[in-house]
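Some notes on the structure that comes next.
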Amino acid sequence: MWELVRANQRRAATLVVVMAALLLAVGYAVGEAVAGTGTAGLFIAFLVWVVLSLVSYYSGDQIFLSLAGAHRISKQDNPVLWDVVEEMCIAAGIAAMPTIYVIDDAAPNAFATGRDAQHASVAVTAGLLETLSRDELQGVIAHELGHVANRDVLYMMMVGVMLGAIVLLADLGTRVMFYGGGRRRTSSRDGGQAQAIILIVAIVLMILAPLLAQLVYFAVSRRREYLADACSALYTRYPEGLASALEKISHSTVALHAASRATAPLYIVNPLGASAKGLADITSTHPPTSERIRILRSMAGGAGYGQYDEAFRKVTGKAVGVVPAAARQAAEHARVAAPKAPDTRQRLERVRHTTDMLWRLNQYAFIACACGTTLKVPPAYVGHELACPHCGAMHRVQPAEVKSA
Amino acid sequence: MIFGLVLLALIVIVVLWVMSIYNGLVGARNEVKNAWSQIDVQLKRRHDLIPNLMETVKGYMGHERGTLEAVTKARQQAIDLSNASAEDRAKAENALSQTLRSLFAVAEAYPDLKANQNFLALQEELTSTENKISFARQYYNDAVLRLNNRIQMFPSNIVAGMYNFQMEKFFEVEAAEDRAVPQVKF
């Protein structure tokens, strides 16, 4: 797991540097165009970035959680959810239990937030708890903890903040330029040509930078989703769990009330309604769910990073995989384990339903006992009384009695 | 002069490189030790939960003497072997898992026991503990794989050889039942 984090860090750092350079360039351009002093613009850009970063770093969690309308639960409130999260923390090697929240919404979805593994929070909707079986829930929680372990939340927060700062500054610059005219100190500079070029570059940057930054943000977000899927398969050793969970979530037609464009990237499936789910375009924060399901299901009996990468390349047809090479080495191949909680409840009910039909077809009599057992009496039974095999209570039998459904 | 500086720079780089590899190896080894103790924690937790389960179940399943005794004996055996070798421990713990499974299978036939809140909570606890034991084993194996990879793969095997890092063994699945898909019988 740590291999994946380390391998990503270099990539992440490069991206952060690029975004920061873009931010500072925009700041300089705005400063130059508006007030003639690029350095003042730089300084202001930096200041805006620092303030936004600090705010989101320290209180980002609380803001997101209160936006979503979540309430914290303890072990007594929901022991199954607590146990599932604890199990996944053990499998992922996360020492401290994250705080667990439940959102009172019928739409199934989940998200994770928190700047590092020590300060993480996981939130799950009530709809999710109702629709998913234990194995599917485990797959979803493993995906969220994968985000936490890969420090995705911190990363996305930083990139998001930079994006916000870029958009802010570009917006400010455009506004001031077109409505305020701006002051230009032509006397202290040589060559009006250079001035004009800088101005043009500034305008281009102000228009393009927000768009570029957005595209980068979305590309990063999508990639991180794939990585979290790979982590989920590795931790649970059961990719089918997450695959069927994603299926159930994407088939649900209820839109999540609490989500907005700002918090959308943190959820497991894009919560912003049906139109956003199937699109494979570059403005989506999540890869299309059907693709994610197909990748998980074509992992050919394996659950390791290498196998996920192979499946990814096969399904999307891309030449380059998603998991960095160093991480792949650490957990290349892993065998799929049998499901921990096979859905015996449903199977039992199905079997019971089928056999009940058979008894009825053969004209057996059904007698309900107070202890919860149903006695099935064959039509050839000659006797007037029957004892329940479990509690021993006596029941009268009418020979011609046939209970119809 | 320049040559001296370049040489110094090279030496510093090599030292830093060796340092980071050594630290990585130490980290991996500690992760393995930590993972092993995690397994211990979960196993002990299971031992502590069982007396509670016995109390709850005895009232309803009093005449299932054989099953109850089997569980108690298996638990005692597992506790006695807590300090034995890994193989013996694994065998004892697997035996305990099996007796617990048969206990829960027998409990299926008692509807009022199944409706008892205490029993349901204990069943969830024990199921979760079984899962935690298997995930802890999985994490231990993953940690061992990471350490062994570092010890054997190219740049770090030099440093590993220098400081004498030992490879660790995996915690194998003993019982064939653990690999089989569970069957629901009527």
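Going by the structure tokens order, chains are called A, B, ..., each with residues numbered from 1, while ligands are numbered from 1 in the order shown.
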For range 133-142 of chain B: contacts at 9 Å, only C-alpha atoms, fewer than 4 positions along chain excluded, given as a ChimeraX atom specification: /A:1,87-88,90-93,235-236,330-331 /B:31-36,38-43,128-129,146-147,169-172
10 Å contact set for Tyr381 in chain A, only C-alpha atoms, chain neighbours under 5 positions out, as a list in words: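 Answer for this query is Tyr364, Ala365, Leu386, Val397, Gln398 and Pro399 of chain A.
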Shell of 12 Å around Leu96 in chain B, only C-alpha atoms, local chain residues under 5 positions omitted, as a PyMOL selection string: chain B and resi 43+46-47+50+67-79+89-91+101-103+126+130+175
Using DSSP on the backbone coordinates, identify the residues of range 9-184 of chain B assigned to alpha helix (DSSP H); present them as a compact mmCIF listing (two decimals) with N, CA and C atoms, in the first residue's frame.
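Saved result, states.txt, follows:
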```txt
# COMPACT_ATOMS: atom_id res chain seq x y z
N ALA B 9 30.50 15.19 -3.34
CA ALA B 9 29.07 15.19 -3.67
C ALA B 9 28.59 13.76 -3.94
N LEU B 10 29.40 13.01 -4.70
CA LEU B 10 29.02 11.63 -5.00
C LEU B 10 28.88 10.80 -3.73
N ILE B 11 29.87 10.97 -2.83
CA ILE B 11 29.83 10.19 -1.58
C ILE B 11 28.57 10.53 -0.79
N VAL B 12 28.28 11.84 -0.74
CA VAL B 12 27.07 12.24 0.00
C VAL B 12 25.84 11.61 -0.62
N ILE B 13 25.79 11.62 -1.95
CA ILE B 13 24.61 11.04 -2.62
C ILE B 13 24.49 9.56 -2.29
N VAL B 14 25.61 8.84 -2.37
CA VAL B 14 25.56 7.40 -2.11
C VAL B 14 25.10 7.14 -0.68
N VAL B 15 25.66 7.93 0.24
CA VAL B 15 25.28 7.72 1.66
C VAL B 15 23.79 7.96 1.84
N LEU B 16 23.28 9.02 1.26
CA LEU B 16 21.85 9.31 1.39
C LEU B 16 21.01 8.18 0.80
N TRP B 17 21.46 7.68 -0.33
CA TRP B 17 20.74 6.61 -1.00
C TRP B 17 20.69 5.35 -0.14
N VAL B 18 21.86 4.99 0.41
CA VAL B 18 21.90 3.80 1.27
C VAL B 18 21.01 4.01 2.49
N MET B 19 21.05 5.23 3.04
CA MET B 19 20.24 5.54 4.21
C MET B 19 18.76 5.34 3.90
N SER B 20 18.32 5.84 2.75
CA SER B 20 16.88 5.74 2.47
C SER B 20 16.48 4.29 2.24
N ILE B 21 17.36 3.51 1.61
CA ILE B 21 17.01 2.10 1.41
C ILE B 21 16.97 1.36 2.74
N TYR B 22 17.96 1.66 3.59
CA TYR B 22 17.99 0.99 4.90
C TYR B 22 16.73 1.32 5.70
N ASN B 23 16.36 2.60 5.69
CA ASN B 23 15.15 2.99 6.41
C ASN B 23 13.93 2.30 5.85
N GLY B 24 13.87 2.17 4.53
CA GLY B 24 12.75 1.47 3.92
C GLY B 24 12.68 0.03 4.39
N LEU B 25 13.85 -0.63 4.47
CA LEU B 25 13.88 -2.03 4.92
C LEU B 25 13.44 -2.14 6.37
N VAL B 26 13.93 -1.24 7.20
CA VAL B 26 13.55 -1.29 8.62
C VAL B 26 12.04 -1.08 8.75
N GLY B 27 11.52 -0.10 7.99
CA GLY B 27 10.09 0.14 8.02
C GLY B 27 9.30 -1.10 7.63
N ALA B 28 9.75 -1.77 6.56
CA ALA B 28 9.04 -2.96 6.10
C ALA B 28 9.09 -4.06 7.16
N ARG B 29 10.24 -4.22 7.81
CA ARG B 29 10.34 -5.27 8.83
C ARG B 29 9.43 -4.98 10.02
N ASN B 30 9.38 -3.71 10.42
CA ASN B 30 8.50 -3.35 11.53
C ASN B 30 7.04 -3.53 11.17
N GLU B 31 6.73 -3.29 9.91
CA GLU B 31 5.36 -3.50 9.46
C GLU B 31 4.98 -4.97 9.61
N VAL B 32 5.92 -5.86 9.29
CA VAL B 32 5.66 -7.30 9.42
C VAL B 32 5.39 -7.65 10.87
N LYS B 33 6.24 -7.10 11.79
CA LYS B 33 6.06 -7.42 13.22
C LYS B 33 4.71 -6.91 13.70
N ASN B 34 4.37 -5.70 13.28
CA ASN B 34 3.10 -5.10 13.65
C ASN B 34 1.94 -5.95 13.16
N ALA B 35 2.05 -6.42 11.90
CA ALA B 35 0.97 -7.23 11.33
C ALA B 35 0.80 -8.53 12.11
N TRP B 36 1.91 -9.12 12.53
CA TRP B 36 1.83 -10.36 13.30
C TRP B 36 1.13 -10.14 14.62
N SER B 37 1.45 -9.03 15.27
CA SER B 37 0.80 -8.78 16.56
C SER B 37 -0.68 -8.47 16.37
N GLN B 38 -1.06 -7.91 15.23
CA GLN B 38 -2.47 -7.68 14.93
C GLN B 38 -3.24 -9.00 14.93
N ILE B 39 -2.63 -10.03 14.31
CA ILE B 39 -3.28 -11.33 14.28
C ILE B 39 -3.51 -11.81 15.70
N ASP B 40 -2.47 -11.63 16.52
CA ASP B 40 -2.55 -12.01 17.93
C ASP B 40 -3.73 -11.36 18.63
N VAL B 41 -3.85 -10.04 18.42
CA VAL B 41 -4.92 -9.27 19.05
C VAL B 41 -6.28 -9.85 18.69
N GLN B 42 -6.49 -10.14 17.41
CA GLN B 42 -7.79 -10.63 16.99
C GLN B 42 -8.06 -12.02 17.53
N LEU B 43 -7.04 -12.86 17.56
CA LEU B 43 -7.23 -14.22 18.09
C LEU B 43 -7.61 -14.16 19.56
N LYS B 44 -6.91 -13.32 20.31
CA LYS B 44 -7.21 -13.20 21.73
C LYS B 44 -8.63 -12.70 21.93
N ARG B 45 -9.03 -11.77 21.07
CA ARG B 45 -10.38 -11.22 21.17
C ARG B 45 -11.42 -12.32 21.00
N ARG B 46 -11.14 -13.23 20.08
CA ARG B 46 -12.09 -14.32 19.87
C ARG B 46 -12.16 -15.20 21.12
N HIS B 47 -10.99 -15.48 21.71
CA HIS B 47 -10.98 -16.29 22.93
C HIS B 47 -11.84 -15.67 24.02
N ASP B 48 -11.76 -14.32 24.11
CA ASP B 48 -12.50 -13.64 25.18
C ASP B 48 -13.99 -13.60 24.93
N LEU B 49 -14.39 -13.65 23.67
CA LEU B 49 -15.82 -13.55 23.37
C LEU B 49 -16.56 -14.86 23.62
N ILE B 50 -15.83 -15.98 23.54
CA ILE B 50 -16.52 -17.27 23.56
C ILE B 50 -17.25 -17.58 24.87
N PRO B 51 -16.69 -17.32 26.06
CA PRO B 51 -17.44 -17.64 27.29
C PRO B 51 -18.82 -16.97 27.31
N ASN B 52 -18.87 -15.72 26.86
CA ASN B 52 -20.12 -14.98 26.74
C ASN B 52 -21.13 -15.72 25.88
N LEU B 53 -20.62 -16.20 24.73
CA LEU B 53 -21.47 -16.93 23.80
C LEU B 53 -22.02 -18.19 24.47
N MET B 54 -21.15 -18.89 25.20
CA MET B 54 -21.56 -20.13 25.87
C MET B 54 -22.69 -19.88 26.84
N GLU B 55 -22.58 -18.79 27.62
CA GLU B 55 -23.61 -18.46 28.58
C GLU B 55 -24.96 -18.24 27.91
N THR B 56 -24.92 -17.45 26.82
CA THR B 56 -26.18 -17.13 26.13
C THR B 56 -26.81 -18.38 25.54
N VAL B 57 -25.99 -19.26 25.02
CA VAL B 57 -26.50 -20.40 24.26
C VAL B 57 -26.97 -21.54 25.16
N LYS B 58 -26.34 -21.64 26.33
CA LYS B 58 -26.61 -22.79 27.20
C LYS B 58 -28.08 -22.90 27.58
N ARG B 65 -25.08 -31.14 24.23
CA ARG B 65 -23.86 -31.18 25.05
C ARG B 65 -22.62 -31.32 24.21
N GLY B 66 -22.67 -32.22 23.22
CA GLY B 66 -21.48 -32.53 22.42
C GLY B 66 -20.89 -31.29 21.78
N THR B 67 -21.77 -30.52 21.12
CA THR B 67 -21.29 -29.32 20.40
C THR B 67 -20.68 -28.32 21.37
N LEU B 68 -21.38 -28.07 22.49
CA LEU B 68 -20.89 -27.07 23.45
C LEU B 68 -19.55 -27.48 24.02
N GLU B 69 -19.45 -28.76 24.37
CA GLU B 69 -18.17 -29.21 24.94
C GLU B 69 -17.03 -29.08 23.94
N ALA B 70 -17.35 -29.38 22.67
CA ALA B 70 -16.31 -29.30 21.64
C ALA B 70 -15.75 -27.89 21.55
N VAL B 71 -16.66 -26.91 21.63
CA VAL B 71 -16.21 -25.51 21.54
C VAL B 71 -15.32 -25.16 22.72
N THR B 72 -15.79 -25.55 23.93
CA THR B 72 -15.01 -25.19 25.12
C THR B 72 -13.63 -25.82 25.08
N LYS B 73 -13.60 -27.09 24.67
CA LYS B 73 -12.30 -27.78 24.62
C LYS B 73 -11.38 -27.13 23.59
N ALA B 74 -11.94 -26.83 22.40
CA ALA B 74 -11.12 -26.24 21.34
C ALA B 74 -10.55 -24.89 21.78
N ARG B 75 -11.39 -24.13 22.53
CA ARG B 75 -10.93 -22.83 22.99
C ARG B 75 -9.77 -22.99 23.97
N GLN B 76 -9.93 -23.95 24.90
CA GLN B 76 -8.87 -24.14 25.88
C GLN B 76 -7.58 -24.55 25.20
N GLN B 77 -7.73 -25.44 24.23
CA GLN B 77 -6.57 -25.90 23.46
C GLN B 77 -5.85 -24.73 22.79
N ALA B 78 -6.66 -23.84 22.18
CA ALA B 78 -6.06 -22.70 21.46
C ALA B 78 -5.33 -21.78 22.44
N ILE B 79 -5.92 -21.59 23.63
CA ILE B 79 -5.27 -20.70 24.61
C ILE B 79 -3.97 -21.33 25.09
N ASP B 80 -4.00 -22.67 25.32
CA ASP B 80 -2.79 -23.33 25.82
C ASP B 80 -1.66 -23.22 24.83
N ALA B 86 4.18 -21.24 15.23
CA ALA B 86 3.10 -20.71 14.40
C ALA B 86 2.22 -21.83 13.83
N GLU B 87 2.86 -22.95 13.44
CA GLU B 87 2.08 -24.03 12.84
C GLU B 87 1.09 -24.63 13.82
N ASP B 88 1.56 -24.90 15.06
CA ASP B 88 0.66 -25.50 16.05
C ASP B 88 -0.49 -24.56 16.36
N ARG B 89 -0.14 -23.28 16.51
CA ARG B 89 -1.17 -22.29 16.81
C ARG B 89 -2.21 -22.27 15.70
N ALA B 90 -1.71 -22.22 14.45
CA ALA B 90 -2.63 -22.14 13.32
C ALA B 90 -3.58 -23.34 13.34
N LYS B 91 -3.03 -24.52 13.65
CA LYS B 91 -3.89 -25.72 13.68
C LYS B 91 -4.95 -25.60 14.75
N ALA B 92 -4.54 -25.18 15.95
CA ALA B 92 -5.50 -25.06 17.04
C ALA B 92 -6.56 -24.02 16.71
N GLU B 93 -6.15 -22.90 16.15
CA GLU B 93 -7.11 -21.85 15.85
C GLU B 93 -8.08 -22.28 14.75
N ASN B 94 -7.60 -23.02 13.78
CA ASN B 94 -8.49 -23.52 12.73
C ASN B 94 -9.50 -24.50 13.30
N ALA B 95 -9.02 -25.35 14.26
CA ALA B 95 -9.95 -26.29 14.89
C ALA B 95 -11.05 -25.52 15.61
N LEU B 96 -10.65 -24.44 16.30
CA LEU B 96 -11.65 -23.62 17.01
C LEU B 96 -12.64 -23.02 16.03
N SER B 97 -12.14 -22.52 14.89
CA SER B 97 -13.04 -21.96 13.88
C SER B 97 -14.07 -22.99 13.47
N GLN B 98 -13.61 -24.23 13.27
CA GLN B 98 -14.53 -25.27 12.81
C GLN B 98 -15.61 -25.56 13.83
N THR B 99 -15.23 -25.66 15.12
CA THR B 99 -16.24 -25.96 16.13
C THR B 99 -17.25 -24.82 16.22
N LEU B 100 -16.78 -23.58 16.08
CA LEU B 100 -17.70 -22.45 16.13
C LEU B 100 -18.69 -22.51 14.98
N ARG B 101 -18.17 -22.88 13.82
CA ARG B 101 -19.05 -22.98 12.66
C ARG B 101 -20.14 -24.02 12.89
N SER B 102 -19.75 -25.17 13.47
CA SER B 102 -20.76 -26.20 13.70
C SER B 102 -21.74 -25.75 14.76
N LEU B 103 -21.25 -24.97 15.75
CA LEU B 103 -22.16 -24.45 16.77
C LEU B 103 -23.21 -23.55 16.15
N PHE B 104 -22.79 -22.67 15.27
CA PHE B 104 -23.76 -21.76 14.65
C PHE B 104 -24.69 -22.51 13.71
N ALA B 105 -24.19 -23.57 13.08
CA ALA B 105 -25.05 -24.36 12.21
C ALA B 105 -26.14 -25.03 13.03
N VAL B 106 -25.77 -25.56 14.20
CA VAL B 106 -26.77 -26.21 15.07
C VAL B 106 -27.76 -25.17 15.58
N ALA B 107 -27.27 -23.96 15.87
CA ALA B 107 -28.14 -22.91 16.40
C ALA B 107 -29.23 -22.52 15.42
N PRO B 111 -35.32 -21.49 16.76
CA PRO B 111 -35.83 -20.16 16.39
C PRO B 111 -35.82 -19.16 17.54
N ASP B 112 -36.11 -19.59 18.78
CA ASP B 112 -36.12 -18.59 19.86
C ASP B 112 -34.72 -18.14 20.21
N LEU B 113 -33.74 -19.02 20.00
CA LEU B 113 -32.36 -18.58 20.22
C LEU B 113 -31.98 -17.55 19.18
N LYS B 114 -32.42 -17.81 17.94
CA LYS B 114 -32.07 -16.89 16.87
C LYS B 114 -32.71 -15.52 17.05
N ALA B 115 -33.82 -15.49 17.79
CA ALA B 115 -34.49 -14.20 18.00
C ALA B 115 -33.90 -13.45 19.18
N GLN B 117 -31.67 -11.18 21.22
CA GLN B 117 -30.83 -10.05 20.81
C GLN B 117 -29.37 -10.25 21.17
N ASN B 118 -29.18 -10.78 22.36
CA ASN B 118 -27.82 -11.04 22.82
C ASN B 118 -27.08 -11.96 21.87
N PHE B 119 -27.79 -13.02 21.49
CA PHE B 119 -27.18 -14.00 20.60
C PHE B 119 -26.85 -13.38 19.26
N LEU B 120 -27.77 -12.57 18.75
CA LEU B 120 -27.54 -11.94 17.44
C LEU B 120 -26.31 -11.04 17.50
N ALA B 121 -26.23 -10.25 18.60
CA ALA B 121 -25.08 -9.35 18.73
C ALA B 121 -23.78 -10.16 18.80
N LEU B 122 -23.81 -11.25 19.56
CA LEU B 122 -22.61 -12.08 19.70
C LEU B 122 -22.25 -12.73 18.37
N GLN B 123 -23.28 -13.14 17.62
CA GLN B 123 -23.02 -13.77 16.33
C GLN B 123 -22.32 -12.79 15.39
N GLU B 124 -22.82 -11.53 15.40
CA GLU B 124 -22.19 -10.50 14.58
C GLU B 124 -20.76 -10.28 15.02
N GLU B 125 -20.54 -10.21 16.35
CA GLU B 125 -19.19 -10.00 16.88
C GLU B 125 -18.26 -11.10 16.43
N LEU B 126 -18.73 -12.34 16.56
CA LEU B 126 -17.85 -13.45 16.22
C LEU B 126 -17.59 -13.53 14.73
N THR B 127 -18.65 -13.28 13.92
CA THR B 127 -18.43 -13.27 12.46
C THR B 127 -17.41 -12.22 12.10
N SER B 128 -17.58 -11.04 12.72
CA SER B 128 -16.65 -9.95 12.42
C SER B 128 -15.24 -10.31 12.87
N THR B 129 -15.13 -10.98 14.04
CA THR B 129 -13.79 -11.35 14.51
C THR B 129 -13.15 -12.36 13.57
N GLU B 130 -13.95 -13.30 13.06
CA GLU B 130 -13.39 -14.24 12.08
C GLU B 130 -12.87 -13.50 10.86
N ASN B 131 -13.68 -12.54 10.39
CA ASN B 131 -13.24 -11.75 9.24
C ASN B 131 -11.97 -10.99 9.55
N LYS B 132 -11.92 -10.42 10.77
CA LYS B 132 -10.74 -9.63 11.11
C LYS B 132 -9.51 -10.51 11.18
N ILE B 133 -9.69 -11.73 11.68
CA ILE B 133 -8.55 -12.63 11.73
C ILE B 133 -8.05 -12.90 10.32
N SER B 134 -8.99 -13.14 9.39
CA SER B 134 -8.52 -13.45 8.04
C SER B 134 -7.93 -12.22 7.35
N PHE B 135 -8.48 -11.02 7.63
CA PHE B 135 -7.87 -9.82 7.04
C PHE B 135 -6.53 -9.52 7.66
N ALA B 136 -6.39 -9.80 8.96
CA ALA B 136 -5.10 -9.57 9.60
C ALA B 136 -4.06 -10.52 9.01
N ARG B 137 -4.50 -11.76 8.75
CA ARG B 137 -3.59 -12.71 8.10
C ARG B 137 -3.20 -12.21 6.72
N GLN B 138 -4.18 -11.69 5.99
CA GLN B 138 -3.95 -11.19 4.64
C GLN B 138 -2.96 -10.03 4.69
N TYR B 139 -3.16 -9.12 5.65
CA TYR B 139 -2.26 -7.98 5.75
C TYR B 139 -0.87 -8.43 6.11
N TYR B 140 -0.79 -9.44 7.00
CA TYR B 140 0.52 -9.96 7.37
C TYR B 140 1.23 -10.52 6.14
N ASN B 141 0.49 -11.30 5.35
CA ASN B 141 1.10 -11.86 4.15
C ASN B 141 1.54 -10.77 3.18
N ASP B 142 0.73 -9.73 3.03
CA ASP B 142 1.11 -8.62 2.15
C ASP B 142 2.38 -7.96 2.66
N ALA B 143 2.45 -7.75 3.98
CA ALA B 143 3.63 -7.11 4.55
C ALA B 143 4.87 -7.97 4.34
N VAL B 144 4.70 -9.29 4.52
CA VAL B 144 5.83 -10.20 4.31
C VAL B 144 6.29 -10.14 2.86
N LEU B 145 5.32 -10.09 1.94
CA LEU B 145 5.67 -10.00 0.52
C LEU B 145 6.48 -8.75 0.23
N ARG B 146 6.06 -7.63 0.82
CA ARG B 146 6.77 -6.38 0.59
C ARG B 146 8.20 -6.46 1.11
N LEU B 147 8.34 -7.03 2.33
CA LEU B 147 9.68 -7.13 2.91
C LEU B 147 10.55 -8.06 2.07
N ASN B 148 10.02 -9.21 1.71
CA ASN B 148 10.81 -10.16 0.92
C ASN B 148 11.19 -9.58 -0.43
N ASN B 149 10.27 -8.84 -1.04
CA ASN B 149 10.58 -8.19 -2.31
C ASN B 149 11.78 -7.28 -2.17
N ARG B 150 11.73 -6.45 -1.09
CA ARG B 150 12.84 -5.53 -0.90
C ARG B 150 14.15 -6.26 -0.66
N ILE B 151 14.08 -7.34 0.10
CA ILE B 151 15.31 -8.05 0.43
C ILE B 151 15.89 -8.68 -0.83
N GLN B 152 15.02 -9.11 -1.75
CA GLN B 152 15.55 -9.83 -2.91
C GLN B 152 15.77 -8.98 -4.15
N PHE B 154 16.69 -5.90 -6.93
CA PHE B 154 18.02 -5.38 -7.11
C PHE B 154 18.56 -4.24 -6.23
N PRO B 155 18.19 -3.01 -6.30
CA PRO B 155 19.10 -2.11 -5.57
C PRO B 155 19.11 -2.39 -4.07
N SER B 156 17.93 -2.77 -3.51
CA SER B 156 17.90 -2.90 -2.06
C SER B 156 18.51 -4.20 -1.55
N ASN B 157 18.78 -5.17 -2.44
CA ASN B 157 19.32 -6.42 -1.89
C ASN B 157 20.76 -6.25 -1.43
N ILE B 158 21.44 -5.23 -1.99
CA ILE B 158 22.81 -4.96 -1.56
C ILE B 158 22.80 -4.54 -0.09
N VAL B 159 21.95 -3.54 0.19
CA VAL B 159 21.87 -3.03 1.56
C VAL B 159 21.35 -4.10 2.51
N ALA B 160 20.39 -4.89 2.02
CA ALA B 160 19.82 -5.95 2.87
C ALA B 160 20.90 -6.95 3.24
N GLY B 161 21.75 -7.27 2.26
CA GLY B 161 22.83 -8.20 2.55
C GLY B 161 23.80 -7.62 3.55
N MET B 162 24.10 -6.32 3.39
CA MET B 162 25.06 -5.67 4.28
C MET B 162 24.61 -5.73 5.72
N TYR B 163 23.33 -5.49 5.93
CA TYR B 163 22.85 -5.41 7.31
C TYR B 163 22.11 -6.66 7.74
```
